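Next up, final.cif (mmCIF, C-alpha atoms (C1' of nucleotides)):
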data_model
#
loop_
_atom_site.label_atom_id
_atom_site.label_comp_id
_atom_site.auth_asym_id
_atom_site.auth_seq_id
_atom_site.Cartn_x
_atom_site.Cartn_y
_atom_site.Cartn_z
CA MET Q 8 39.35 51.76 -32.77
CA ASN Q 9 39.26 48.07 -32.02
CA PRO Q 10 40.10 46.16 -35.20
CA THR Q 11 37.91 43.22 -34.17
CA ASP Q 12 34.83 45.36 -34.12
CA ALA Q 13 32.03 44.32 -36.41
CA ALA Q 14 32.20 47.85 -37.75
CA ASP Q 15 34.81 47.21 -40.20
CA THR Q 16 36.76 48.17 -43.17
CA CYS Q 17 35.65 50.05 -46.22
CA HIS Q 18 33.96 46.93 -47.56
CA GLY Q 19 32.09 46.26 -44.38
CA ARG Q 20 34.17 43.70 -42.55
CA VAL Q 21 37.41 43.11 -40.74
CA ARG Q 22 39.93 40.81 -42.40
CA ASP Q 23 39.68 37.57 -40.50
CA ARG Q 24 40.64 34.38 -42.24
CA GLU Q 25 38.87 32.03 -39.87
CA ALA Q 26 35.66 34.04 -39.74
CA THR Q 27 35.52 34.28 -43.51
CA ARG Q 28 36.12 30.56 -43.87
CA GLN Q 29 33.27 29.90 -41.48
CA ARG Q 30 30.95 32.25 -43.34
CA ILE Q 31 31.58 30.40 -46.57
CA LEU Q 32 31.07 27.06 -44.87
CA ASP Q 33 27.79 28.16 -43.32
CA SER Q 34 26.43 29.44 -46.61
CA ALA Q 35 27.53 26.28 -48.36
CA ARG Q 36 25.86 24.00 -45.83
CA GLU Q 37 22.67 25.99 -46.04
CA LEU Q 38 22.54 26.00 -49.82
CA PHE Q 39 23.78 22.45 -50.38
CA THR Q 40 21.21 20.94 -48.07
CA GLN Q 41 18.47 23.09 -49.52
CA GLU Q 42 19.14 22.68 -53.21
CA GLY Q 43 21.86 20.09 -53.68
CA TYR Q 44 25.50 20.32 -54.66
CA ALA Q 45 25.16 20.59 -58.41
CA GLN Q 46 22.42 23.20 -58.28
CA VAL Q 47 24.43 25.62 -56.19
CA SER Q 48 27.10 27.64 -57.94
CA SER Q 49 30.32 28.79 -56.37
CA ARG Q 50 29.29 32.32 -57.12
CA SER Q 51 26.00 32.00 -55.30
CA ILE Q 52 27.72 30.59 -52.23
CA ALA Q 53 30.15 33.46 -52.29
CA ALA Q 54 27.34 35.98 -52.73
CA GLU Q 55 25.36 34.48 -49.83
CA ALA Q 56 28.47 34.69 -47.68
CA GLY Q 57 29.20 38.21 -48.87
CA VAL Q 58 32.61 37.17 -50.04
CA ASN Q 59 34.63 36.99 -53.22
CA VAL Q 60 34.33 33.82 -55.29
CA ALA Q 61 38.02 33.23 -55.46
CA LEU Q 62 38.15 32.72 -51.71
CA ILE Q 63 36.31 29.43 -52.05
CA ASN Q 64 39.17 28.01 -54.01
CA ARG Q 65 41.70 29.71 -51.79
CA TYR Q 66 40.28 28.20 -48.61
CA PHE Q 67 38.80 24.92 -49.80
CA GLY Q 68 40.81 24.11 -52.88
CA ALA Q 69 37.69 23.61 -54.95
CA LYS Q 70 33.94 23.45 -54.66
CA ARG Q 71 34.09 19.77 -53.72
CA GLY Q 72 36.22 20.68 -50.71
CA LEU Q 73 33.26 22.61 -49.38
CA LEU Q 74 30.97 19.62 -49.53
CA ALA Q 75 33.61 17.40 -48.03
CA GLU Q 76 33.81 19.69 -45.04
CA VAL Q 77 30.04 20.03 -44.76
CA ILE Q 78 29.34 16.32 -44.69
CA ALA Q 79 32.24 15.66 -42.35
CA GLU Q 80 30.28 17.50 -39.65
CA ASP Q 81 27.31 15.16 -39.68
CA ALA Q 82 27.30 12.42 -37.11
CA ALA Q 83 23.73 11.17 -37.08
CA PHE Q 84 24.42 7.57 -37.93
CA PRO Q 85 27.40 6.85 -35.67
CA GLN Q 86 25.20 7.78 -32.72
CA LEU Q 87 22.95 4.94 -33.71
CA VAL Q 88 25.65 2.40 -33.19
CA GLN Q 89 25.56 2.69 -29.43
CA GLY Q 90 23.49 0.98 -26.84
CA GLU Q 91 22.48 -2.63 -26.57
CA ARG Q 92 23.05 -4.92 -29.46
CA GLN Q 93 19.65 -6.57 -29.29
CA THR Q 94 17.65 -3.47 -30.23
CA LEU Q 95 20.05 -2.24 -32.92
CA PRO Q 96 17.89 -3.41 -35.83
CA ARG Q 97 14.90 -1.57 -34.42
CA ARG Q 98 16.94 1.60 -33.90
CA ILE Q 99 18.13 1.45 -37.49
CA ALA Q 100 14.60 0.82 -38.73
CA GLU Q 101 13.34 3.81 -36.80
CA HIS Q 102 16.16 5.89 -38.17
CA VAL Q 103 15.10 4.96 -41.68
CA VAL Q 104 11.42 5.67 -41.12
CA HIS Q 105 11.73 8.87 -39.15
CA ARG Q 106 14.90 10.35 -40.60
CA THR Q 107 15.57 8.97 -44.04
CA LEU Q 108 11.91 9.02 -45.02
CA GLY Q 109 11.35 12.33 -43.26
CA GLU Q 110 13.41 15.41 -43.68
CA GLY Q 111 16.68 13.58 -43.42
CA THR Q 112 19.88 14.81 -41.85
CA PRO Q 113 21.87 17.51 -43.61
CA LEU Q 114 24.39 14.91 -44.63
CA GLN Q 115 21.72 12.69 -46.06
CA ARG Q 116 20.11 15.47 -48.00
CA ALA Q 117 23.37 16.70 -49.43
CA LEU Q 118 24.43 13.15 -50.09
CA LEU Q 119 21.28 12.16 -51.87
CA HIS Q 120 21.22 15.29 -53.93
CA SER Q 121 24.76 14.89 -54.97
CA LEU Q 122 25.40 11.18 -55.22
CA GLY Q 123 26.87 10.16 -58.49
CA ASP Q 124 28.72 13.38 -58.88
CA PRO Q 125 32.09 12.37 -60.25
CA ASP Q 126 34.40 14.53 -58.27
CA LEU Q 127 32.50 13.70 -55.11
CA LYS Q 128 33.08 9.98 -55.40
CA SER Q 129 36.14 9.98 -53.19
CA VAL Q 130 34.44 12.20 -50.64
CA PHE Q 131 31.48 9.86 -50.24
CA GLU Q 132 33.70 6.80 -50.44
CA GLU Q 133 35.62 7.91 -47.40
CA ARG Q 134 32.53 8.96 -45.49
CA LEU Q 135 30.60 5.77 -46.18
CA GLN Q 136 33.37 3.69 -44.70
CA SER Q 137 34.31 5.87 -41.78
CA ALA Q 138 30.83 6.89 -40.68
CA ILE Q 139 28.66 3.90 -41.48
CA ILE Q 140 30.17 0.60 -42.53
CA GLY Q 141 33.24 0.81 -40.29
CA PRO Q 142 31.50 1.62 -37.00
CA LEU Q 143 28.68 -0.79 -37.70
CA ALA Q 144 31.00 -3.65 -38.58
CA ASP Q 145 33.04 -3.06 -35.44
CA TYR Q 146 29.89 -2.97 -33.38
CA ILE Q 147 28.27 -6.14 -34.63
CA GLY Q 148 31.44 -8.19 -34.87
CA GLY Q 149 31.32 -11.85 -35.80
CA PRO Q 150 32.13 -13.46 -39.15
CA ASP Q 151 31.63 -11.40 -42.29
CA ALA Q 152 30.92 -8.36 -40.14
CA ARG Q 153 31.88 -6.07 -42.97
CA THR Q 154 29.69 -7.87 -45.47
CA ARG Q 155 26.69 -7.71 -43.21
CA ALA Q 156 27.31 -4.07 -42.36
CA THR Q 157 27.57 -3.24 -46.05
CA LEU Q 158 24.16 -4.75 -46.71
CA VAL Q 159 22.60 -2.55 -44.06
CA ALA Q 160 24.35 0.47 -45.53
CA ALA Q 161 23.00 -0.47 -48.96
CA LEU Q 162 19.48 -0.65 -47.58
CA LEU Q 163 19.80 2.73 -45.89
CA ILE Q 164 21.20 4.42 -48.95
CA GLY Q 165 18.76 2.68 -51.22
CA VAL Q 166 15.75 3.87 -49.27
CA GLY Q 167 17.14 7.38 -49.30
CA ASN Q 168 17.71 7.28 -53.02
CA VAL Q 169 14.35 5.81 -53.84
CA ARG Q 170 12.76 8.48 -51.73
CA ARG Q 171 14.66 11.17 -53.52
CA MET Q 172 13.57 9.73 -56.83
CA GLY Q 173 10.00 10.13 -55.73
CA GLY Q 174 9.56 6.37 -55.66
CA ALA Q 175 8.97 6.07 -51.96
CA ASP Q 176 5.36 7.21 -51.90
CA ALA Q 177 4.28 3.71 -50.95
CA LEU Q 178 6.68 3.74 -47.99
CA MET Q 179 5.64 7.16 -46.79
CA GLU Q 180 1.95 6.40 -47.01
CA ALA Q 181 2.34 3.12 -45.19
CA ASP Q 182 1.65 2.83 -41.48
CA ALA Q 183 4.82 3.96 -39.73
CA ASP Q 184 4.74 1.35 -37.00
CA ALA Q 185 4.15 -1.49 -39.39
CA LEU Q 186 6.96 -0.23 -41.58
CA VAL Q 187 9.34 -0.04 -38.65
CA GLN Q 188 8.45 -3.60 -37.81
CA ARG Q 189 9.02 -4.78 -41.34
CA LEU Q 190 12.32 -2.95 -41.63
CA THR Q 191 13.46 -4.30 -38.29
CA GLY Q 192 12.99 -7.79 -39.68
CA ILE Q 193 14.91 -6.94 -42.83
CA VAL Q 194 17.82 -5.40 -40.97
CA GLU Q 195 17.91 -8.45 -38.68
CA ARG Q 196 18.16 -10.61 -41.76
CA CYS Q 197 21.02 -8.45 -43.07
CA LEU Q 198 22.92 -8.75 -39.82
CA GLU Q 199 22.29 -12.46 -39.22
CA GLU Q 200 25.46 -14.52 -38.91
CA MET V 22 23.25 8.41 -108.67
CA ASN V 23 21.33 6.77 -105.91
CA PRO V 24 20.72 9.32 -103.14
CA THR V 25 20.76 6.62 -100.43
CA ASP V 26 24.34 5.71 -101.25
CA ALA V 27 26.83 5.95 -98.45
CA ALA V 28 28.83 8.16 -100.77
CA ASP V 29 27.23 11.26 -99.86
CA THR V 30 27.03 14.94 -99.86
CA CYS V 31 29.79 17.48 -99.60
CA HIS V 32 30.05 16.91 -95.84
CA GLY V 33 30.28 13.18 -96.17
CA ARG V 34 26.75 11.94 -95.53
CA VAL V 35 23.26 11.82 -96.90
CA ARG V 36 20.61 13.79 -95.04
CA ASP V 37 18.61 11.25 -93.11
CA ARG V 38 16.80 12.30 -90.00
CA GLU V 39 16.35 8.84 -88.56
CA ALA V 40 19.90 7.72 -89.24
CA THR V 41 21.33 10.85 -87.67
CA ARG V 42 19.10 10.46 -84.64
CA GLN V 43 20.35 6.91 -84.24
CA ARG V 44 23.98 7.96 -84.57
CA ILE V 45 23.54 10.46 -81.77
CA LEU V 46 21.77 7.92 -79.62
CA ASP V 47 24.49 5.33 -80.16
CA SER V 48 27.25 7.74 -79.25
CA ALA V 49 25.32 8.88 -76.21
CA ARG V 50 24.74 5.36 -74.94
CA GLU V 51 28.38 4.51 -75.42
CA LEU V 52 29.68 7.60 -73.67
CA PHE V 53 27.08 7.72 -70.89
CA THR V 54 27.67 4.13 -69.84
CA GLN V 55 31.42 4.59 -70.05
CA GLU V 56 31.82 7.86 -68.25
CA GLY V 57 28.49 8.91 -66.81
CA TYR V 58 25.98 11.55 -67.73
CA ALA V 59 27.56 14.57 -66.11
CA GLN V 60 31.03 13.81 -67.44
CA VAL V 61 29.95 13.70 -71.05
CA SER V 62 29.33 17.01 -72.78
CA SER V 63 26.80 17.56 -75.51
CA ARG V 64 29.62 18.63 -77.77
CA SER V 65 31.57 15.44 -77.23
CA ILE V 66 28.52 13.33 -78.05
CA ALA V 67 27.99 15.34 -81.20
CA ALA V 68 31.64 15.03 -82.14
CA GLU V 69 31.63 11.27 -81.58
CA ALA V 70 28.53 11.04 -83.76
CA GLY V 71 30.06 13.34 -86.36
CA VAL V 72 27.14 15.66 -86.09
CA ASN V 73 26.38 19.24 -85.15
CA VAL V 74 25.72 19.96 -81.47
CA ALA V 75 22.46 21.73 -82.12
CA LEU V 76 20.94 18.53 -83.46
CA ILE V 77 20.92 17.05 -79.99
CA ASN V 78 18.51 19.69 -78.86
CA ARG V 79 16.62 19.52 -82.11
CA TYR V 80 16.01 15.79 -81.88
CA PHE V 81 15.96 15.17 -78.14
CA GLY V 82 14.89 18.48 -76.70
CA ALA V 83 17.83 18.59 -74.34
CA LYS V 84 20.70 16.48 -73.11
CA ARG V 85 18.45 14.79 -70.56
CA GLY V 86 16.23 13.57 -73.37
CA LEU V 87 19.17 11.55 -74.61
CA LEU V 88 19.59 9.76 -71.31
CA ALA V 89 15.86 9.20 -71.05
CA GLU V 90 15.90 7.44 -74.38
CA VAL V 91 19.02 5.46 -73.55
CA ILE V 92 17.69 4.06 -70.30
CA ALA V 93 14.29 3.40 -71.81
CA GLU V 94 15.91 0.70 -73.92
CA ASP V 95 17.09 -1.34 -70.98
CA ALA V 96 14.81 -4.15 -69.90
CA ALA V 97 17.01 -6.30 -67.69
CA PHE V 98 14.89 -6.13 -64.58
CA PRO V 99 11.40 -6.64 -66.03
CA GLN V 100 12.62 -9.96 -67.43
CA LEU V 101 13.31 -11.00 -63.89
CA VAL V 102 9.69 -10.69 -62.95
CA GLN V 103 8.64 -13.76 -64.88
CA GLY V 104 8.54 -17.38 -63.95
CA GLU V 105 7.42 -19.02 -60.76
CA ARG V 106 6.77 -16.90 -57.76
CA GLN V 107 8.57 -19.18 -55.33
CA THR V 108 12.03 -18.67 -56.78
CA LEU V 109 11.68 -14.91 -57.36
CA PRO V 110 13.78 -13.92 -54.35
CA ARG V 111 16.59 -16.15 -55.53
CA ARG V 112 16.43 -14.72 -59.05
CA ILE V 113 16.62 -11.20 -57.67
CA ALA V 114 19.51 -12.15 -55.40
CA GLU V 115 21.39 -13.62 -58.33
CA HIS V 116 20.68 -10.53 -60.36
CA VAL V 117 22.24 -8.41 -57.62
CA VAL V 118 25.31 -10.57 -57.23
CA HIS V 119 26.03 -11.22 -60.88
CA ARG V 120 24.75 -8.05 -62.49
CA THR V 121 24.68 -5.22 -60.00
CA LEU V 122 27.94 -6.25 -58.36
CA GLY V 123 29.46 -7.15 -61.70
CA GLU V 124 29.59 -4.95 -64.74
CA GLY V 125 25.96 -3.99 -64.45
CA THR V 126 23.55 -3.35 -67.27
CA PRO V 127 23.93 -0.20 -69.35
CA LEU V 128 20.94 1.23 -67.58
CA GLN V 129 22.42 0.49 -64.20
CA ARG V 130 25.74 2.00 -65.08
CA ALA V 131 24.22 5.13 -66.50
CA LEU V 132 21.81 5.29 -63.62
CA LEU V 133 24.42 4.91 -60.94
CA HIS V 134 26.73 7.40 -62.55
CA SER V 135 24.02 9.92 -62.89
CA LEU V 136 21.72 9.48 -59.92
CA GLY V 137 21.15 12.64 -58.02
CA ASP V 138 21.42 14.75 -61.10
CA PRO V 139 18.69 17.33 -60.74
CA ASP V 140 17.25 17.43 -64.19
CA LEU V 141 17.30 13.65 -64.34
CA LYS V 142 15.03 13.26 -61.35
CA SER V 143 11.88 12.98 -63.41
CA VAL V 144 13.52 10.60 -65.85
CA PHE V 145 14.55 8.17 -63.13
CA GLU V 146 11.31 8.67 -61.29
CA GLU V 147 9.32 7.44 -64.24
CA ARG V 148 11.68 4.59 -64.96
CA LEU V 149 11.84 3.35 -61.38
CA GLN V 150 8.08 3.02 -61.28
CA SER V 151 7.46 1.64 -64.73
CA ALA V 152 10.37 -0.76 -64.92
CA ILE V 153 10.85 -1.98 -61.36
CA ILE V 154 8.32 -1.16 -58.67
CA GLY V 155 5.25 -1.38 -60.90
CA PRO V 156 5.92 -4.77 -62.50
CA LEU V 157 7.18 -6.24 -59.25
CA ALA V 158 4.16 -5.06 -57.28
CA ASP V 159 1.79 -6.45 -59.88
CA TYR V 160 3.66 -9.71 -59.86
CA ILE V 161 3.74 -10.33 -56.12
CA GLY V 162 0.25 -9.02 -55.39
CA GLY V 163 -1.19 -9.22 -51.91
CA PRO V 164 -1.54 -6.47 -49.32
CA ASP V 165 0.97 -3.63 -49.40
CA ALA V 166 2.37 -4.99 -52.66
CA ARG V 167 3.73 -1.60 -53.56
CA THR V 168 5.38 -1.09 -50.19
CA ARG V 169 7.07 -4.44 -50.37
CA ALA V 170 8.17 -3.91 -53.96
CA THR V 171 9.61 -0.53 -53.04
CA LEU V 172 11.77 -2.10 -50.35
CA VAL V 173 13.24 -4.52 -52.85
CA ALA V 174 13.88 -1.67 -55.25
CA ALA V 175 15.62 0.23 -52.46
CA LEU V 176 17.86 -2.73 -51.75
CA LEU V 177 18.78 -3.11 -55.42
CA ILE V 178 19.54 0.55 -55.88
CA GLY V 179 21.35 0.74 -52.58
CA VAL V 180 23.70 -2.09 -53.45
CA GLY V 181 24.40 -0.47 -56.79
CA ASN V 182 25.13 2.84 -55.19
CA VAL V 183 27.33 1.44 -52.48
CA ARG V 184 29.26 -0.43 -55.11
CA ARG V 185 29.70 2.72 -57.13
CA MET V 186 30.93 4.51 -54.04
CA GLY V 187 33.62 1.90 -53.67
CA GLY V 188 32.02 0.63 -50.49
CA ALA V 189 31.09 -2.79 -51.77
CA ASP V 190 34.50 -4.37 -51.51
CA ALA V 191 33.26 -6.59 -48.74
CA LEU V 192 30.40 -7.81 -50.90
CA MET V 193 32.55 -8.46 -53.92
CA GLU V 194 35.15 -10.35 -51.98
CA ALA V 195 32.55 -12.47 -50.24
CA ASP V 196 31.72 -15.96 -51.46
CA ALA V 197 29.19 -15.49 -54.25
CA ASP V 198 27.01 -18.45 -53.33
CA ALA V 199 26.85 -17.49 -49.69
CA LEU V 200 25.99 -13.94 -50.66
CA VAL V 201 23.22 -15.08 -52.97
CA GLN V 202 21.81 -17.13 -50.12
CA ARG V 203 21.95 -14.25 -47.73
CA LEU V 204 20.36 -11.85 -50.20
CA THR V 205 17.66 -14.37 -51.01
CA GLY V 206 16.72 -14.36 -47.35
CA ILE V 207 16.69 -10.57 -47.23
CA VAL V 208 14.54 -10.23 -50.33
CA GLU V 209 12.14 -12.82 -48.91
CA ARG V 210 11.89 -10.70 -45.81
CA CYS V 211 11.15 -7.63 -47.92
CA LEU V 212 8.40 -9.41 -49.81
CA GLU V 213 6.82 -11.14 -46.83
CA GLU V 214 3.16 -10.29 -46.33
"C1'" DT I 6 56.78 55.18 -40.52
"C1'" DT I 7 57.88 51.65 -43.22
"C1'" DG I 8 57.87 47.08 -44.89
"C1'" DA I 9 56.23 42.51 -45.43
"C1'" DC I 10 52.74 39.35 -45.72
"C1'" DA I 11 48.40 37.87 -45.54
"C1'" DA I 12 43.45 38.72 -46.97
"C1'" DG I 13 40.67 40.05 -50.40
"C1'" DT I 14 39.65 41.47 -55.35
"C1'" DC I 15 39.21 41.50 -60.34
"C1'" DA I 16 39.27 39.96 -64.86
"C1'" DA I 17 40.12 36.43 -67.58
"C1'" DC I 18 40.20 31.39 -69.02
"C1'" DA I 19 38.12 27.34 -70.91
"C1'" DC I 20 34.22 25.00 -70.61
"C1'" DT I 21 29.11 23.83 -70.21
"C1'" DG I 22 23.93 23.41 -72.32
"C1'" DT I 23 20.96 25.83 -75.22
"C1'" DT I 24 18.93 29.03 -78.78
"C1'" DT I 25 18.70 31.84 -82.78
"C1'" DA I 26 19.19 32.96 -87.40
"C1'" DC I 27 21.12 31.09 -91.15
"C1'" DT I 28 22.51 27.94 -95.27
"C1'" DT I 29 21.86 23.99 -98.03
"C1'" DA I 30 20.27 19.61 -99.73
"C1'" DT I 31 16.27 16.89 -100.88
"C1'" DA I 32 11.78 15.70 -102.79
"C1'" DC I 33 7.71 17.00 -104.64
"C1'" DC I 34 4.78 19.52 -108.17
"C1'" DT I 35 3.97 21.78 -112.17
"C1'" DA L 11 13.42 19.66 -116.50
"C1'" DG L 12 13.00 23.60 -113.56
"C1'" DG L 13 11.44 25.88 -109.46
"C1'" DT L 14 10.22 25.87 -104.92
"C1'" DA L 15 8.69 24.50 -100.18
"C1'" DT L 16 10.41 22.04 -96.49
"C1'" DA L 17 13.23 19.66 -93.81
"C1'" DA L 18 18.24 18.75 -92.32
"C1'" DG L 19 22.18 20.59 -90.99
"C1'" DT L 20 25.25 24.58 -89.56
"C1'" DA L 21 27.52 28.53 -87.24
"C1'" DA L 22 27.80 31.82 -83.88
"C1'" DA L 23 26.33 33.67 -80.00
"C1'" DC L 24 24.30 33.69 -75.08
"C1'" DA L 25 24.42 33.16 -70.30
"C1'" DG L 26 26.10 30.30 -67.12
"C1'" DT L 27 29.74 27.19 -64.74
"C1'" DG L 28 34.41 26.21 -61.84
"C1'" DT L 29 38.92 27.77 -61.57
"C1'" DT L 30 43.25 30.62 -61.90
"C1'" DG L 31 46.83 34.24 -61.74
"C1'" DA L 32 48.06 38.81 -61.23
"C1'" DC L 33 46.67 42.52 -58.82
"C1'" DT L 34 45.35 45.75 -54.69
"C1'" DT L 35 44.75 46.68 -49.99
"C1'" DG L 36 44.39 46.15 -45.08
"C1'" DT L 37 46.89 44.82 -40.84
"C1'" DC L 38 50.42 44.03 -37.79
"C1'" DA L 39 55.49 44.00 -36.33
"C1'" DA L 40 59.88 46.07 -36.38
#
Rewrite the coordinates I just gave you, this time as structure tokens.
Amino acid sequence: MNPTDAADTCHGRVRDREATRQRILDSARELFTQEGYAQVSSRSIAAEAGVNVALINRYFGAKRGLLAEVIAEDAAFPQLVQGERQTLPRRIAEHVVHRTLGEGTPLQRALLHSLGDPDLKSVFEERLQSAIIGPLADYIGGPDARTRATLVAALLIGVGNVRRMGGADALMEADADALVQRLTGIVERCLEE
Amino acid sequence: MNPTDAADTCHGRVRDREATRQRILDSARELFTQEGYAQVSSRSIAAEAGVNVALINRYFGAKRGLLAEVIAEDAAFPQLVQGERQTLPRRIAEHVVHRTLGEGTPLQRALLHSLGDPDLKSVFEERLQSAIIGPLADYIGGPDARTRATLVAALLIGVGNVRRMGGADALMEADADALVQRLTGIVERCLEE
DNA sequence: TTGACAAGTCAACACTGTTTACTTATACCT
DNA sequence: AGGTATAAGTAAACAGTGTTGACTTGTCAA
């Protein structure tokens, strides 16, 4: 009998470290983006993955390690920082209107659900720099590149947060094209030398 | 013997609903602004106040009721929305640089520590509208007042969040006056009709 | 076949917010 | 003054959390 068969051991599965790790990660991503970090318990992730709770800590150190890995996969924003410089503000504005104000990327959703969580601070800290501010600053260049990039990041995150707080009704009801135009102007102002 | 004396009952205090409520509230404000909502347990608030845990739920319904009451006291932003219209963007910019990027108001600190907390959503939701977007929209008037006010709110909250995530180093190292100028321009852009 | 080692399990730990049933002090009324 | 209703305060339990250490069991190599 082939030990890699799906048809398994007494408990229904072959012992495969990597496969189990991936199962947990998949369940975590699913649940985190659906309900947010704090709302999802380790036990429910384990149950969804059909796995023992203790394995989360074995493979990811702690629950936060799961989120760290989940958000590390997302690469929506870095893709934005490519193409011609002139239309960057518009691309960012469109990203805000169609992504941030829409469903949002998995990273965004997890991030906005879970921002402010104490033991996630370092996770977000790293990600904010490496995925948003850093690439953007490098891309725009010029004096105070980092300052200007940080302002754009603040705007992005702020819109996301306001939306999550249910305060973005006005933005979502507004005419999308007009909003893109307005945001383009704001981002231009942020990036101005 | 005067029953309102500080010198008390067997457990060291007179029974006084309002005074006890205030004690709890004071301890909560202190601890929330120092360490953040999630980090502070009901029991630690009760201990700090020298009071039984169950009284928190008795007087405030639940832990979230405590934060709701704490942040309801803060009125830093509404004060901003007074005075001549022309200099509003500059006042907001200065608020961001000197308050948000500095120590922050108690509300801000609590808010930024605790944003994203699920059962606080409704609390922040209400506060965002009644203390920031609402007053600002009324003040600026004109078409899309609410949309424009929401963008400013997003910027404010975004800067606060980025700072909390440790991503605002660039902003805090930047020349304060120059930053105020830049932010004034951005806020003007947000408010533009 | 027998070990060794990894993968997986189980039960416990200390902690959380919240609720219930309880005791006790206060203030009012006869 | 004495008795009593009512509110203030208490204690203990509940169900849930993340995390840990000692345990069992499957798998693969010698």
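Residue membership of the PyMOL selection byres ((chain I and resi 24-34) around 9) in the shown file amounts to Thr30, Val35, Arg36 and Ala75 of chain V; DT23 and DT35 of chain I; DT14, DA15, DT16, DA17, DA18, DG19, DT20, DA21, DA23 and DC24 of chain L.
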Pull out every residue of chain V sitting within 8 Å of chain I, counting only C-alpha atoms (C1' of nucleotides), and send them as a list in words.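 Those within range of chain I come out as Arg36, Ser62, Ser63, Asn78, Ala83 and Lys84 of chain V.
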For chain V, report every residue with an atom at most 6 Å from chain Q (counting all atoms listed in the file), formatted as a list in words. His134, Ser135, Leu136, Gly137, Lys142, Glu146, Arg167, Thr168, Ala175, Leu176, Ile178, Gly179, Val180, Val183, Met186, Gly187, Ala191, Leu192, Ile207 and Arg210 of chain V
The PyMOL selection byres ((chain V) within 8 of (chain L)) - which residues does that actually catch in the file I just gave you? List them as JSON, numbers by chain. {"V": [36, 37, 38, 73, 76]}
Output C-alpha atoms for every residue in the selection just made, as a CSV table (one decimal), keeping the file's coordinate frame.
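In the end it all went to result.csv:
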chain,number,residue,atom,x,y,z
V,36,ARG,CA,20.6,13.8,-95.0
V,37,ASP,CA,18.6,11.2,-93.1
V,38,ARG,CA,16.8,12.3,-90.0
V,73,ASN,CA,26.4,19.2,-85.2
V,76,LEU,CA,20.9,18.5,-83.5
Neighbours of Gln103 in chain V within 10 Å (all atoms listed in the file; same-chain residues fewer than 6 positions away dropped), as a PyMOL selection string? chain V and resi 109+112+156-157+160
Selection dump of the PyMOL selection byres ((chain V and resi 46) around 9), as a short mmCIF file (atom, residue, chain, number, x, y, z; two decimals) with C-alpha atoms, in the coordinates of the input:
data_model
loop_
_atom_site.label_atom_id
_atom_site.label_comp_id
_atom_site.auth_asym_id
_atom_site.auth_seq_id
_atom_site.Cartn_x
_atom_site.Cartn_y
_atom_site.Cartn_z
CA THR V 41 21.33 10.85 -87.67
CA ARG V 42 19.10 10.46 -84.64
CA GLN V 43 20.35 6.91 -84.24
CA ARG V 44 23.98 7.96 -84.57
CA ILE V 45 23.54 10.46 -81.77
CA ASP V 47 24.49 5.33 -80.16
CA SER V 48 27.25 7.74 -79.25
CA ALA V 49 25.32 8.88 -76.21
CA ARG V 50 24.74 5.36 -74.94
CA GLU V 51 28.38 4.51 -75.42
CA ILE V 66 28.52 13.33 -78.05
CA ALA V 70 28.53 11.04 -83.76
CA LEU V 87 19.17 11.55 -74.61
CA LEU V 88 19.59 9.76 -71.31
CA GLU V 90 15.90 7.44 -74.38
CA VAL V 91 19.02 5.46 -73.55
#
Around all the atoms of range 11-16 of chain L listed in the file, with 8 Å of room on each side, what axis-aligned box do you get, giving centre and edge lengths in Å to one decimal, as JSON?
{"center_x": 11.1, "center_y": 22.8, "center_z": -106.5, "size_x": 20.7, "size_y": 22.2, "size_z": 36.0}
So the first atom is CA of Ile161 in chain V and the second is CA of Val102 in chain V; what is the distance between them in Å, to one decimal place? 9.1 Å
What is the distance, in Å and to one decimal place, between CA of Leu108 in chain Q and CA of Thr40 in chain Q?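 Separating CA of Leu108 in chain Q from CA of Thr40 in chain Q is a distance of 15.4 Å.
Counting from CA of Pro110 in chain V, the distance to CA of Gln93 in chain Q is 26.8 Å.
Distance annotation: of Q:Arg92, Q:Asp182, Q:His105, Q:Ala26, the residue with the minimal separation from Gly148 in chain Q is Q:Arg92; atom set is all atoms listed in the file.
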